[in-house]
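Below is final31.cif, holding mmCIF, C-alpha atoms.
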data_target
#
loop_
_atom_site.label_atom_id
_atom_site.label_comp_id
_atom_site.auth_asym_id
_atom_site.auth_seq_id
_atom_site.Cartn_x
_atom_site.Cartn_y
_atom_site.Cartn_z
CA MET A 4 131.58 100.06 114.92
CA ALA A 5 134.02 97.40 113.78
CA LYS A 6 137.66 98.50 113.60
CA VAL A 7 139.73 97.92 110.48
CA GLN A 8 143.32 96.72 110.50
CA GLY A 9 144.91 96.87 107.06
CA ASN A 10 142.31 95.54 104.64
CA LYS A 11 140.67 93.22 107.17
CA LYS A 12 137.62 94.10 109.22
CA LEU A 13 137.87 93.43 112.94
CA LEU A 14 134.83 92.76 115.06
CA THR A 15 134.60 93.71 118.70
CA VAL A 16 133.50 91.17 121.29
CA LYS A 17 130.50 93.42 121.82
CA ASN A 18 129.53 93.29 118.12
CA ILE A 19 129.79 89.51 118.05
CA ARG A 20 127.61 89.24 121.14
CA VAL A 21 124.97 91.54 119.63
CA ASN A 22 124.98 89.48 116.42
CA ASN A 23 124.59 86.26 118.40
CA LYS A 24 121.83 87.78 120.48
CA THR A 25 120.02 88.95 117.34
CA ASN A 26 120.20 85.49 115.77
CA LEU A 27 118.92 83.79 118.92
CA LEU A 28 116.00 86.21 119.18
CA LYS A 29 115.09 85.53 115.54
CA GLN A 30 115.03 81.81 116.26
CA LEU A 31 112.83 82.31 119.31
CA VAL A 32 110.38 84.52 117.40
CA ASN A 33 110.12 82.06 114.52
CA GLY A 34 110.37 78.83 116.51
CA GLN A 35 108.32 77.12 119.18
CA ASN A 36 109.33 75.35 122.39
CA LEU A 37 113.05 75.69 121.67
CA THR A 38 115.59 74.66 124.28
CA ARG A 39 119.06 76.03 124.85
CA ASN A 40 120.44 72.95 123.09
CA ASP A 41 118.17 73.62 120.09
CA LEU A 42 119.39 77.21 119.87
CA ALA A 43 123.04 76.19 120.07
CA ARG A 44 122.65 73.52 117.42
CA GLU A 45 120.69 75.66 114.94
CA SER A 46 122.82 78.79 115.37
CA HIS A 47 126.19 76.99 115.49
CA ILE A 48 127.02 78.85 118.70
CA SER A 49 128.52 77.15 121.73
CA LEU A 50 126.06 76.01 124.38
CA MET A 51 127.84 78.11 127.02
CA THR A 52 127.46 81.27 124.88
CA VAL A 53 123.79 80.50 124.32
CA LYS A 54 123.30 79.95 128.04
CA HIS A 55 124.84 83.32 128.95
CA ILE A 56 122.74 85.21 126.37
CA VAL A 57 119.50 83.40 127.21
CA ASP A 58 120.00 83.88 130.94
CA ASP A 59 120.35 87.63 130.34
CA LEU A 60 117.23 87.70 128.15
CA VAL A 61 115.24 85.84 130.79
CA GLU A 62 116.47 88.23 133.50
CA GLU A 63 115.48 91.22 131.32
CA GLY A 64 111.97 89.78 130.87
CA ILE A 65 112.35 89.47 127.10
CA VAL A 66 112.33 85.65 127.11
CA GLU A 67 110.29 83.29 129.26
CA GLU A 68 111.02 79.67 130.10
CA HIS A 69 108.54 76.97 130.97
CA ALA A 70 108.35 73.24 131.42
CA PHE A 71 108.69 71.22 128.25
CA SER A 72 106.97 67.86 128.62
CA THR A 73 108.90 64.80 127.51
CA THR A 74 108.14 61.14 127.96
CA VAL A 75 111.50 60.06 129.35
CA GLY A 76 114.56 61.48 131.00
CA ARG A 77 115.24 64.93 132.32
CA LYS A 78 112.77 67.63 131.32
CA PRO A 79 114.53 70.61 129.67
CA LYS A 80 113.21 74.15 129.84
CA ALA A 81 111.43 75.41 126.75
CA LEU A 82 111.98 79.04 125.75
CA SER A 83 109.77 81.62 124.08
CA ILE A 84 109.48 85.36 123.62
CA ALA A 85 107.63 86.86 126.60
CA LYS A 86 103.86 86.74 126.12
CA LYS A 87 103.52 90.46 126.75
CA TYR A 88 105.11 91.16 123.35
CA GLY A 89 102.22 90.59 121.06
CA ASN A 90 101.59 92.50 117.84
CA ILE A 91 102.80 94.65 114.97
CA VAL A 92 100.64 97.17 113.10
CA CYS A 93 101.14 97.50 109.32
CA ILE A 94 99.63 100.50 107.54
CA ASN A 95 99.28 100.95 103.78
CA LEU A 96 99.48 104.55 102.50
CA THR A 97 99.92 103.61 98.84
CA SER A 98 96.39 103.97 97.44
CA THR A 99 94.74 107.12 96.14
CA GLU A 100 91.35 105.80 97.25
CA SER A 101 91.81 104.13 100.63
CA LEU A 102 94.01 103.66 103.70
CA LYS A 103 94.41 100.10 104.97
CA TYR A 104 95.86 98.45 108.03
CA LEU A 105 96.61 94.95 109.28
CA ILE A 106 97.52 93.87 112.81
CA TYR A 107 99.63 90.72 113.10
CA ASP A 108 100.95 88.74 116.01
CA LEU A 109 104.69 88.01 116.02
CA LYS A 110 104.15 84.80 114.02
CA ARG A 111 102.41 86.91 111.34
CA ASN A 112 98.96 85.53 112.11
CA LEU A 113 96.34 88.14 111.23
CA LEU A 114 94.61 89.57 114.31
CA ALA A 115 92.64 92.44 112.78
CA GLU A 116 92.30 94.50 109.62
CA GLY A 117 90.46 97.54 108.37
CA VAL A 118 90.16 100.09 105.59
CA CYS A 119 89.10 103.72 105.32
CA SER A 120 87.95 104.70 101.84
CA PHE A 121 87.86 108.33 100.80
CA ASP A 122 87.47 110.78 97.95
CA ARG A 123 90.56 112.99 98.10
CA LYS A 124 88.78 115.71 96.11
CA LYS A 125 86.20 116.03 98.86
CA GLN A 126 87.93 114.80 102.03
CA SER A 127 91.10 115.78 103.83
CA TYR A 128 93.78 113.10 103.69
CA GLN A 129 95.04 114.08 107.12
CA LYS A 130 91.53 113.79 108.59
CA ILE A 131 91.02 110.30 107.15
CA LEU A 132 94.47 109.29 108.41
CA ALA A 133 93.59 110.51 111.91
CA GLN A 134 90.39 108.46 111.77
CA LEU A 135 92.39 105.40 110.73
CA VAL A 136 94.82 105.84 113.62
CA GLU A 137 91.95 106.17 116.09
CA GLU A 138 90.33 103.00 114.72
CA ILE A 139 93.62 101.11 115.10
CA ARG A 140 94.05 102.34 118.68
CA THR A 141 90.56 101.07 119.49
CA LYS A 142 91.39 97.66 118.03
CA LEU A 143 94.64 97.48 119.99
CA GLN A 144 92.83 98.09 123.27
CA ALA A 145 91.11 94.74 122.82
CA PHE A 146 94.45 92.91 122.93
CA SER A 147 96.18 92.07 126.19
CA THR A 148 99.59 92.14 124.51
CA GLU A 149 101.98 94.99 123.79
CA THR A 150 102.43 96.53 120.34
CA VAL A 151 106.13 96.33 119.48
CA GLY A 152 106.20 98.32 116.25
CA VAL A 153 104.40 100.01 113.37
CA GLY A 154 105.29 99.44 109.72
CA VAL A 155 104.17 101.98 107.13
CA SER A 156 104.14 101.28 103.39
CA VAL A 157 104.54 104.35 101.14
CA PRO A 158 104.16 104.57 97.35
CA SER A 159 107.60 105.90 96.45
CA ALA A 160 111.15 106.39 97.68
CA TYR A 161 111.45 107.24 101.38
CA TYR A 162 114.36 109.33 102.69
CA ALA A 163 114.98 108.36 106.29
CA LYS A 164 117.21 111.31 107.22
CA GLU A 165 114.60 113.85 106.13
CA ASP A 166 111.69 111.57 107.16
CA LEU A 167 109.95 112.37 103.88
CA ALA A 168 108.67 110.38 100.88
CA ASN A 169 108.19 111.40 97.27
CA TYR A 170 104.62 112.68 96.89
CA ASP A 171 103.95 112.42 93.15
CA LEU A 172 101.12 109.89 93.63
CA ILE A 173 99.72 111.32 96.87
CA PRO A 174 100.23 115.10 97.11
CA ALA A 175 99.17 115.08 100.77
CA LEU A 176 102.50 113.43 101.64
CA LYS A 177 104.33 116.65 100.75
CA GLY A 178 106.15 117.85 103.85
CA PHE A 179 104.58 115.04 105.89
CA HIS A 180 107.08 113.56 108.37
CA ILE A 181 105.79 110.01 108.31
CA ARG A 182 107.88 108.26 110.93
CA GLN A 183 107.50 111.09 113.44
CA TYR A 184 103.72 111.19 112.91
CA PHE A 185 103.27 107.52 113.74
CA GLN A 186 105.79 107.57 116.59
CA ASP A 187 103.72 110.31 118.19
CA ALA A 188 100.39 108.67 117.31
CA PHE A 189 101.26 105.33 118.93
CA GLY A 190 103.90 106.35 121.46
CA LEU A 191 106.44 103.97 119.92
CA GLU A 192 110.03 104.45 118.82
CA ASN A 193 109.99 101.44 116.50
CA VAL A 194 108.34 102.74 113.32
CA ALA A 195 109.57 101.40 109.96
CA VAL A 196 108.71 103.28 106.76
CA VAL A 197 109.25 101.27 103.58
CA HIS A 198 108.83 101.80 99.85
CA ASP A 199 106.01 99.46 98.85
CA VAL A 200 107.57 98.21 95.61
CA VAL A 201 110.97 97.52 97.20
CA SER A 202 109.29 95.71 100.07
CA ALA A 203 107.13 93.59 97.75
CA ALA A 204 110.13 92.79 95.54
CA LYS A 205 112.07 91.50 98.55
CA SER A 206 109.15 89.28 99.54
CA GLU A 207 108.94 87.84 96.04
CA TYR A 208 112.68 87.26 95.88
CA GLU A 209 112.68 85.41 99.19
CA SER A 210 109.65 83.33 98.18
CA LYS A 211 111.60 81.91 95.24
CA GLN A 212 114.50 80.87 97.48
CA MET A 213 116.95 82.45 95.06
CA ARG A 214 120.60 82.84 95.98
CA ASP A 215 122.71 84.51 93.32
CA GLU A 216 120.01 85.14 90.74
CA SER A 217 118.05 88.30 90.05
CA ILE A 218 114.48 89.43 89.50
CA PHE A 219 112.89 92.59 88.21
CA TYR A 220 109.63 93.13 90.07
CA PHE A 221 107.10 95.15 88.05
CA TYR A 222 104.01 96.57 89.72
CA CYS A 223 101.14 98.13 87.78
CA GLY A 224 98.17 99.40 89.80
CA PHE A 225 97.14 102.91 90.78
CA GLY A 226 100.82 103.67 90.40
CA VAL A 227 103.55 101.98 88.36
CA GLY A 228 106.96 101.02 89.68
CA GLY A 229 109.64 98.39 89.72
CA CYS A 230 112.59 97.08 91.67
CA PHE A 231 115.65 95.12 90.55
CA MET A 232 116.73 92.54 93.13
CA LEU A 233 120.29 91.28 92.75
CA ARG A 234 121.75 88.68 95.15
CA GLY A 235 119.15 89.51 97.75
CA GLU A 236 119.64 93.29 97.64
CA ALA A 237 117.46 95.96 96.07
CA VAL A 238 119.30 98.12 93.52
CA THR A 239 117.93 101.61 94.22
CA GLY A 240 120.52 103.98 92.74
CA GLU A 241 122.01 107.21 94.03
CA ASP A 242 118.73 108.86 95.05
CA LEU A 243 116.63 105.69 95.58
CA LEU A 244 114.95 106.21 92.19
CA ALA A 245 116.29 103.20 90.26
CA GLY A 246 113.35 101.05 89.21
CA GLU A 247 110.82 103.90 89.08
CA VAL A 248 109.80 102.80 85.59
CA GLY A 249 106.45 104.56 85.89
CA LYS A 250 108.26 107.86 85.31
CA MET A 251 109.69 106.77 81.95
CA GLN A 252 108.61 109.01 79.06
CA ILE A 253 106.65 107.05 76.44
CA ASP A 254 105.03 108.07 73.15
CA SER A 255 101.34 107.56 73.95
CA PRO A 256 99.65 104.88 71.81
CA PHE A 257 96.50 107.02 71.99
CA GLY A 258 97.96 109.97 70.07
CA GLU A 259 98.46 112.21 73.12
CA GLY A 260 102.16 112.86 72.62
CA MET A 261 104.74 112.06 75.28
CA LEU A 262 103.37 110.81 78.60
CA THR A 263 104.82 108.86 81.49
CA LEU A 264 104.35 105.11 81.44
CA GLU A 265 102.23 105.49 84.58
CA GLU A 266 99.85 107.89 82.83
CA ILE A 267 99.28 105.30 80.10
CA VAL A 268 99.16 101.89 81.79
CA SER A 269 98.08 102.49 85.40
CA VAL A 270 94.51 101.85 86.51
CA PRO A 271 93.65 105.60 86.40
CA GLY A 272 95.35 105.87 82.98
CA ILE A 273 93.26 103.04 81.53
CA LEU A 274 90.06 104.39 83.07
CA ARG A 275 90.80 107.80 81.55
CA GLN A 276 90.71 106.23 78.08
CA ALA A 277 87.82 103.84 78.79
CA GLN A 278 85.59 106.52 80.28
CA LYS A 279 85.85 108.58 77.12
CA GLU A 280 83.74 105.84 75.54
CA THR A 281 81.79 104.59 78.58
CA PRO A 282 81.50 107.17 81.39
CA GLN A 283 81.53 105.75 84.94
CA ILE A 284 82.89 102.35 83.85
CA SER A 285 84.86 100.64 86.62
CA PHE A 286 88.21 98.91 86.19
CA GLU A 287 86.63 95.54 86.99
CA GLU A 288 84.15 96.15 84.14
CA VAL A 289 87.05 97.08 81.84
CA ILE A 290 88.72 93.73 82.52
CA ALA A 291 85.44 91.83 82.08
CA GLN A 292 84.69 93.51 78.75
CA TYR A 293 88.23 92.84 77.55
CA LYS A 294 87.92 89.13 78.36
CA ALA A 295 84.61 89.07 76.47
CA GLY A 296 86.26 90.70 73.46
CA GLY A 297 84.12 93.80 73.62
CA GLU A 298 85.11 96.95 71.75
CA PRO A 299 86.34 99.60 72.19
CA ILE A 300 87.77 98.26 75.48
CA SER A 301 89.72 95.47 73.77
CA GLY A 302 91.45 97.97 71.52
CA ILE A 303 92.38 100.20 74.46
CA LEU A 304 93.76 97.42 76.62
CA ASN A 305 95.65 95.80 73.75
CA LYS A 306 97.55 99.05 73.23
CA VAL A 307 98.29 99.25 76.95
CA LEU A 308 99.55 95.65 77.13
CA LYS A 309 101.74 96.13 74.06
CA THR A 310 103.26 99.26 75.63
CA ILE A 311 104.10 97.40 78.85
CA SER A 312 105.53 94.47 76.88
CA ARG A 313 107.82 96.75 74.88
CA VAL A 314 109.10 98.45 78.03
CA LEU A 315 109.86 95.20 79.85
CA TYR A 316 111.45 93.67 76.76
CA ASN A 317 113.80 96.65 76.64
CA MET A 318 114.53 96.12 80.35
CA VAL A 319 116.04 92.76 79.43
CA TRP A 320 118.90 94.60 77.75
CA LEU A 321 119.38 96.93 80.73
CA PHE A 322 119.17 94.50 83.66
CA ASN A 323 119.08 90.99 82.16
CA PRO A 324 117.12 89.58 85.13
CA ALA A 325 116.59 85.87 85.61
CA LYS A 326 112.88 86.60 86.06
CA PHE A 327 110.31 89.32 85.59
CA VAL A 328 107.71 89.15 88.36
CA VAL A 329 104.47 90.95 87.50
CA ASP A 330 102.07 92.25 90.16
CA SER A 331 99.03 94.52 90.35
CA CYS A 332 96.23 95.59 92.66
CA ASN A 333 94.00 93.61 90.26
CA GLU A 334 94.99 89.95 89.89
CA ASP A 335 93.35 89.61 86.46
CA TYR A 336 95.26 92.60 85.16
CA ALA A 337 98.53 91.11 86.45
CA ALA A 338 97.71 87.85 84.63
CA LEU A 339 97.03 89.70 81.36
CA ILE A 340 100.32 91.60 81.63
CA THR A 341 102.22 88.40 82.43
CA GLU A 342 100.92 86.56 79.36
CA SER A 343 101.45 89.57 77.10
CA VAL A 344 105.08 90.04 78.19
CA LYS A 345 105.79 86.30 77.89
CA GLY A 346 104.52 86.30 74.32
CA TYR A 347 106.38 89.46 73.37
CA ILE A 348 109.73 88.23 74.70
CA GLN A 349 109.24 84.87 73.01
CA ARG A 350 108.39 86.58 69.74
CA PHE A 351 111.60 88.63 69.76
CA ARG A 352 114.01 86.08 71.15
CA GLN A 353 117.22 86.22 69.18
CA ASP A 354 118.98 83.06 68.09
CA ASP A 355 122.41 84.69 68.18
CA ILE A 356 122.01 86.07 71.73
CA TYR A 357 121.09 83.74 74.56
CA VAL A 358 118.11 85.31 76.40
CA THR A 359 116.72 83.20 79.23
CA THR A 360 114.63 85.73 81.18
CA GLU A 361 111.41 84.16 82.44
CA VAL A 362 108.14 85.95 83.19
CA GLU A 363 105.74 84.99 85.97
CA GLN A 364 102.99 86.46 88.08
CA ALA A 365 103.66 87.43 91.69
CA VAL A 366 103.26 84.71 94.30
CA TYR A 367 101.75 86.93 96.96
CA ARG A 368 98.55 88.33 95.55
CA GLU A 369 97.43 90.43 98.52
CA TYR A 370 99.17 92.70 101.01
CA ASP A 371 102.59 91.85 99.59
CA ASP A 372 104.09 95.19 100.58
CA LEU A 373 102.63 94.86 104.10
CA ARG A 374 104.26 91.46 104.38
CA GLY A 375 107.55 93.27 103.81
CA CYS A 376 106.50 95.98 106.28
CA PHE A 377 105.95 93.35 108.94
CA ARG A 378 109.33 91.74 108.31
CA THR A 379 111.21 95.07 108.43
CA THR A 380 109.42 96.24 111.59
CA LEU A 381 110.01 92.92 113.35
CA GLN A 382 113.69 92.99 112.38
CA GLN A 383 114.10 96.52 113.77
CA TRP A 384 112.48 95.47 117.04
CA ILE A 385 114.71 92.42 117.39
CA GLU A 386 117.82 94.51 116.70
CA SER A 387 116.75 97.06 119.31
CA LEU A 388 116.37 94.27 121.90
CA ALA A 389 119.80 92.93 121.03
CA GLU A 390 121.61 96.25 121.42
CA GLU A 391 124.05 96.30 124.29
CA SER A 392 124.51 99.23 126.64
CA PRO A 393 127.82 101.17 126.31
CA GLN A 394 130.70 99.37 127.92
CA GLU A 395 134.31 100.00 128.80
CA PRO A 396 136.80 99.47 125.93
CA ILE A 397 137.40 95.78 125.35
CA ASP A 398 139.72 93.62 123.29
CA TYR A 399 139.20 93.06 119.61
CA VAL A 400 139.12 89.78 117.74
CA GLN A 401 139.78 89.28 114.06
CA GLU A 402 136.92 88.14 111.85
CA LYS A 403 137.69 84.77 110.34
#
Can the structure from this file be put into structure tokens for me?
Amino acid sequence: MAKVQGNKKLLTVKNIRVNNKTNLLKQLVNGQNLTRNDLARESHISLMTVKHIVDDLVEEGIVEEHAFSTTVGRKPKALSIAKKYGNIVCINLTSTESLKYLIYDLKRNLLAEGVCSFDRKKQSYQKILAQLVEEIRTKLQAFSTETVGVGVSVPSAYYAKEDLANYDLIPALKGFHIRQYFQDAFGLENVAVVHDVVSAAKSEYESKQMRDESIFYFYCGFGVGGCFMLRGEAVTGEDLLAGEVGKMQIDSPFGEGMLTLEEIVSVPGILRQAQKETPQISFEEVIAQYKAGGEPISGILNKVLKTISRVLYNMVWLFNPAKFVVDSCNEDYAALITESVKGYIQRFRQDDIYVTTEVEQAVYREYDDLRGCFRTTLQQWIESLAEESPQEPIDYVQEK
């Protein structure tokens, strides 16, 4: 840990080396055919420092070097992460109807994917999860490369110390130690468990190349949640619950008294109302009938969209984000919400108060939370590679 002298943080030589090593590994994972000169130039680290770190990584078998063909002059050595390091598994535990997985290589090219659908009233969640793990293991056996980590997306706040997640959406997660389960299942230490909404919000924020601005990411699918991103960081509150807008108490537009926002506007909430009129109707049919102007579906969905618009309009006065980003498991539903909220905010813009919040649909329409899972798992793996073994006490240098 860095020492502190007065009000200034001091970094140890060891810390600086680990930071440099981490940055170089990131470049090698993301780049292709990089030389030592390339690494020094892009990282703003001296060539001699780069040489020492790279030589160690090559000796440890983490980095490989090979001939880099050039037309003239001396041929430098190109560097890359060792070929044996090959894939990351990302698992989605956020649906009440299915378990999904994706397997990526380190460049985030998709290698394999799968889904296990289930009826939780008839089937054991743990049994379906065990089947999913076995299917993933079988897929991994077909690859000649090593799995370096597993990322798991969960539908609510995750508490790392306790290794538990909130289980309001999926009761089977009660008492379920997620990280430990997957560490045992795959024989890996590097397991990252992430809150799906926070992960997706980070992906959206990064996609917009924002620096000091903010977004409020709103997700409405089988569950409802949100995340406020400010200057690149997720604002999660004291108990990681900030942004859980689905738990807000709302006066039901259907005359049912006080309900949570999730009970009203989520996919199951809408189906509950729609199936009173048309039993067995699917959510896709609900959207199609709404677009066609069919009643009573239009009346139901209009009330839902107005409820969401009111909530997000009120969020302007709480968070004042630069943008609202709207997402859903159903792209058409996300588009309807986006247009409804845009219109509502425009309708109630106040001349005497300058409101500039924009509303747009999410960029990543599929597997957004797993994209964040991949990034977090890869980062953890890189940091574990960069960690130095304990050393004798060394001098300290002041951070500039």
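Between atom CA of A:Lys345 and atom CA of A:Gly246 the interatomic distance comes to 20.1 Å.
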Kindly provide the residues of stretch 134-189 of chain A that approach stretch 380-388 of chain A to within 9 Å, each paired with its closest atom pair and their distance in Å to one decimal, based on all atoms listed in the file, listed by chain and increasing number, as JSON lines.
{"residue": "A:Val151", "atom": "CA", "partner": "A:Trp384", "partner_atom": "CA", "distance": 6.9}
{"residue": "A:Gly152", "atom": "CA", "partner": "A:Thr380", "partner_atom": "CA", "distance": 6.0}
{"residue": "A:Val153", "atom": "CA", "partner": "A:Thr380", "partner_atom": "CA", "distance": 6.5}
{"residue": "A:Gly154", "atom": "CA", "partner": "A:Thr380", "partner_atom": "CA", "distance": 5.5}
{"residue": "A:Val155", "atom": "CA", "partner": "A:Thr380", "partner_atom": "CA", "distance": 9.0}
Just the residues within 9 Å of A:Val344, please, counting all atoms listed in the file, with nothing from its chain fewer than 6 positions along; format it as JSON, numbers by chain.
{"A": [308, 309, 311, 312, 313, 315, 316, 362]}
Please work out which residues fall within 12 Å of (119.2, 104.3, 98.7), coordinates as given in the file, with all atoms listed in the file counting, and return them as a ChimeraX atom specification.
/A:159-164,197-198,201,236-246
Å distance separating atom CA of A:Ile19 from atom CA of A:Cys376, one decimal place
26.9 Å
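Shortest separation to A:Arg378 among A:Asp187, A:Glu209, A:Glu149, A:Glu138 occurs at residue A:Glu209, atoms counted being only C-alpha atoms.
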Given the choices A:Gln134, A:Ala291, A:Ile253, A:Ile139, which gets closest to A:Leu105 if the distance is worked out from only C-alpha atoms?
A:Ile139
Expand the PyMOL selection byres ((chain A and resi 199) around 7) into the explicit residue set it covers here, and present it as a PyMOL selection string.
chain A and resi 156-158+197-198+200-203+372
Expected file contents, prior selection, C-alpha atoms, as a short mmCIF file (atom, residue, chain, number, x, y, z; two decimals), in the coordinates of the input:
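selection.cif, written as the output of this step:
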data_model
loop_
_atom_site.label_atom_id
_atom_site.label_comp_id
_atom_site.auth_asym_id
_atom_site.auth_seq_id
_atom_site.Cartn_x
_atom_site.Cartn_y
_atom_site.Cartn_z
CA SER A 156 104.14 101.28 103.39
CA VAL A 157 104.54 104.35 101.14
CA PRO A 158 104.16 104.57 97.35
CA VAL A 197 109.25 101.27 103.58
CA HIS A 198 108.83 101.80 99.85
CA VAL A 200 107.57 98.21 95.61
CA VAL A 201 110.97 97.52 97.20
CA SER A 202 109.29 95.71 100.07
CA ALA A 203 107.13 93.59 97.75
CA ASP A 372 104.09 95.19 100.58
#
Apply the PyMOL selection byres ((chain A and resi 276-289) around 12) to the file shown and report the selected residues as a ChimeraX atom specification.
/A:224-225,255-259,266-275,290-307,332-336
So which residues touch A:Glu63 within 12 Å, counting only C-alpha atoms, skipping near sequence neighbours fewer than 5 positions away, as a PDB file with C-alpha atoms, in the frame of the given file?
ATOM      1  CA  ILE A  56     122.740  85.210 126.370  1.00  0.00           C
ATOM      2  CA  VAL A  57     119.500  83.400 127.210  1.00  0.00           C
ATOM      3  CA  ASP A  58     120.000  83.880 130.940  1.00  0.00           C
ATOM      4  CA  ILE A  84     109.480  85.360 123.620  1.00  0.00           C
ATOM      5  CA  ALA A  85     107.630  86.860 126.600  1.00  0.00           C
ATOM      6  CA  LEU A 388     116.370  94.270 121.900  1.00  0.00           C
ATOM      7  CA  ALA A 389     119.800  92.930 121.030  1.00  0.00           C
TER       8      ALA A 389
END
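Coordinates place atom CA of A:Asn169 at a distance of 26.5 Å from atom CA of A:Pro324.
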Would you kindly return, as a VMD selection string, each protein, DNA or RNA residue with an atom no farther than 10 Å from any atom of A:Ser210, considering all atoms listed in the file and excluding same-chain residues fewer than 5 positions away?
chain A and resid 204 to 205 365 to 367
Serialized selection, C-alpha atoms, as a CSV table (one decimal), in the frame of the given file:
chain,number,residue,atom,x,y,z
A,204,ALA,CA,110.1,92.8,95.5
A,205,LYS,CA,112.1,91.5,98.6
A,365,ALA,CA,103.7,87.4,91.7
A,366,VAL,CA,103.3,84.7,94.3
A,367,TYR,CA,101.8,86.9,97.0
Will you model N, CA, C and O atoms for stretch 317-331 of chain A and pass it back as a PDB file, keeping the file's coordinate frame?
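Full text of out07.pdb as output:
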ATOM      1  N   ASN A 317     112.609  95.795  76.652  1.00  0.00           N
ATOM      2  CA  ASN A 317     113.800  96.650  76.640  1.00  0.00           C
ATOM      3  C   ASN A 317     114.575  96.555  77.959  1.00  0.00           C
ATOM      4  O   ASN A 317     115.802  96.724  77.981  1.00  0.00           O
ATOM      5  N   MET A 318     113.856  96.274  79.063  1.00  0.00           N
ATOM      6  CA  MET A 318     114.530  96.120  80.350  1.00  0.00           C
ATOM      7  C   MET A 318     115.438  94.900  80.372  1.00  0.00           C
ATOM      8  O   MET A 318     116.378  94.843  81.164  1.00  0.00           O
ATOM      9  N   VAL A 319     115.160  93.927  79.514  1.00  0.00           N
ATOM     10  CA  VAL A 319     116.040  92.760  79.430  1.00  0.00           C
ATOM     11  C   VAL A 319     117.462  93.198  79.104  1.00  0.00           C
ATOM     12  O   VAL A 319     118.437  92.697  79.665  1.00  0.00           O
ATOM     13  N   TRP A 320     117.581  94.159  78.215  1.00  0.00           N
ATOM     14  CA  TRP A 320     118.900  94.600  77.750  1.00  0.00           C
ATOM     15  C   TRP A 320     119.560  95.568  78.733  1.00  0.00           C
ATOM     16  O   TRP A 320     120.754  95.855  78.614  1.00  0.00           O
ATOM     17  N   LEU A 321     118.800  96.060  79.702  1.00  0.00           N
ATOM     18  CA  LEU A 321     119.380  96.930  80.730  1.00  0.00           C
ATOM     19  C   LEU A 321     119.796  96.137  81.966  1.00  0.00           C
ATOM     20  O   LEU A 321     120.870  96.353  82.518  1.00  0.00           O
ATOM     21  N   PHE A 322     118.934  95.202  82.404  1.00  0.00           N
ATOM     22  CA  PHE A 322     119.170  94.500  83.660  1.00  0.00           C
ATOM     23  C   PHE A 322     119.428  93.003  83.483  1.00  0.00           C
ATOM     24  O   PHE A 322     120.028  92.380  84.353  1.00  0.00           O
ATOM     25  N   ASN A 323     118.930  92.423  82.396  1.00  0.00           N
ATOM     26  CA  ASN A 323     119.080  90.990  82.160  1.00  0.00           C
ATOM     27  C   ASN A 323     118.720  90.165  83.404  1.00  0.00           C
ATOM     28  O   ASN A 323     119.515  89.358  83.898  1.00  0.00           O
ATOM     29  N   PRO A 324     117.501  90.338  83.938  1.00  0.00           N
ATOM     30  CA  PRO A 324     117.120  89.580  85.130  1.00  0.00           C
ATOM     31  C   PRO A 324     116.844  88.123  84.801  1.00  0.00           C
ATOM     32  O   PRO A 324     116.489  87.786  83.667  1.00  0.00           O
ATOM     33  N   ALA A 325     116.974  87.269  85.799  1.00  0.00           N
ATOM     34  CA  ALA A 325     116.590  85.870  85.610  1.00  0.00           C
ATOM     35  C   ALA A 325     115.080  85.760  85.441  1.00  0.00           C
ATOM     36  O   ALA A 325     114.588  84.926  84.669  1.00  0.00           O
ATOM     37  N   LYS A 326     114.342  86.628  86.135  1.00  0.00           N
ATOM     38  CA  LYS A 326     112.880  86.600  86.060  1.00  0.00           C
ATOM     39  C   LYS A 326     112.302  88.009  86.078  1.00  0.00           C
ATOM     40  O   LYS A 326     112.848  88.894  86.736  1.00  0.00           O
ATOM     41  N   PHE A 327     111.206  88.194  85.366  1.00  0.00           N
ATOM     42  CA  PHE A 327     110.310  89.320  85.590  1.00  0.00           C
ATOM     43  C   PHE A 327     109.172  88.794  86.453  1.00  0.00           C
ATOM     44  O   PHE A 327     108.590  87.745  86.156  1.00  0.00           O
ATOM     45  N   VAL A 328     108.853  89.506  87.514  1.00  0.00           N
ATOM     46  CA  VAL A 328     107.710  89.150  88.360  1.00  0.00           C
ATOM     47  C   VAL A 328     106.700  90.281  88.236  1.00  0.00           C
ATOM     48  O   VAL A 328     107.005  91.428  88.527  1.00  0.00           O
ATOM     49  N   VAL A 329     105.488  89.946  87.795  1.00  0.00           N
ATOM     50  CA  VAL A 329     104.470  90.950  87.500  1.00  0.00           C
ATOM     51  C   VAL A 329     103.405  90.942  88.593  1.00  0.00           C
ATOM     52  O   VAL A 329     102.888  89.890  88.974  1.00  0.00           O
ATOM     53  N   ASP A 330     103.048  92.129  89.079  1.00  0.00           N
ATOM     54  CA  ASP A 330     102.070  92.250  90.160  1.00  0.00           C
ATOM     55  C   ASP A 330     101.149  93.434  89.879  1.00  0.00           C
ATOM     56  O   ASP A 330     101.497  94.348  89.119  1.00  0.00           O
ATOM     57  N   SER A 331      99.984  93.428  90.505  1.00  0.00           N
ATOM     58  CA  SER A 331      99.030  94.520  90.350  1.00  0.00           C
ATOM     59  C   SER A 331      98.042  94.478  91.499  1.00  0.00           C
ATOM     60  O   SER A 331      97.928  93.465  92.206  1.00  0.00           O
TER      61      SER A 331
END
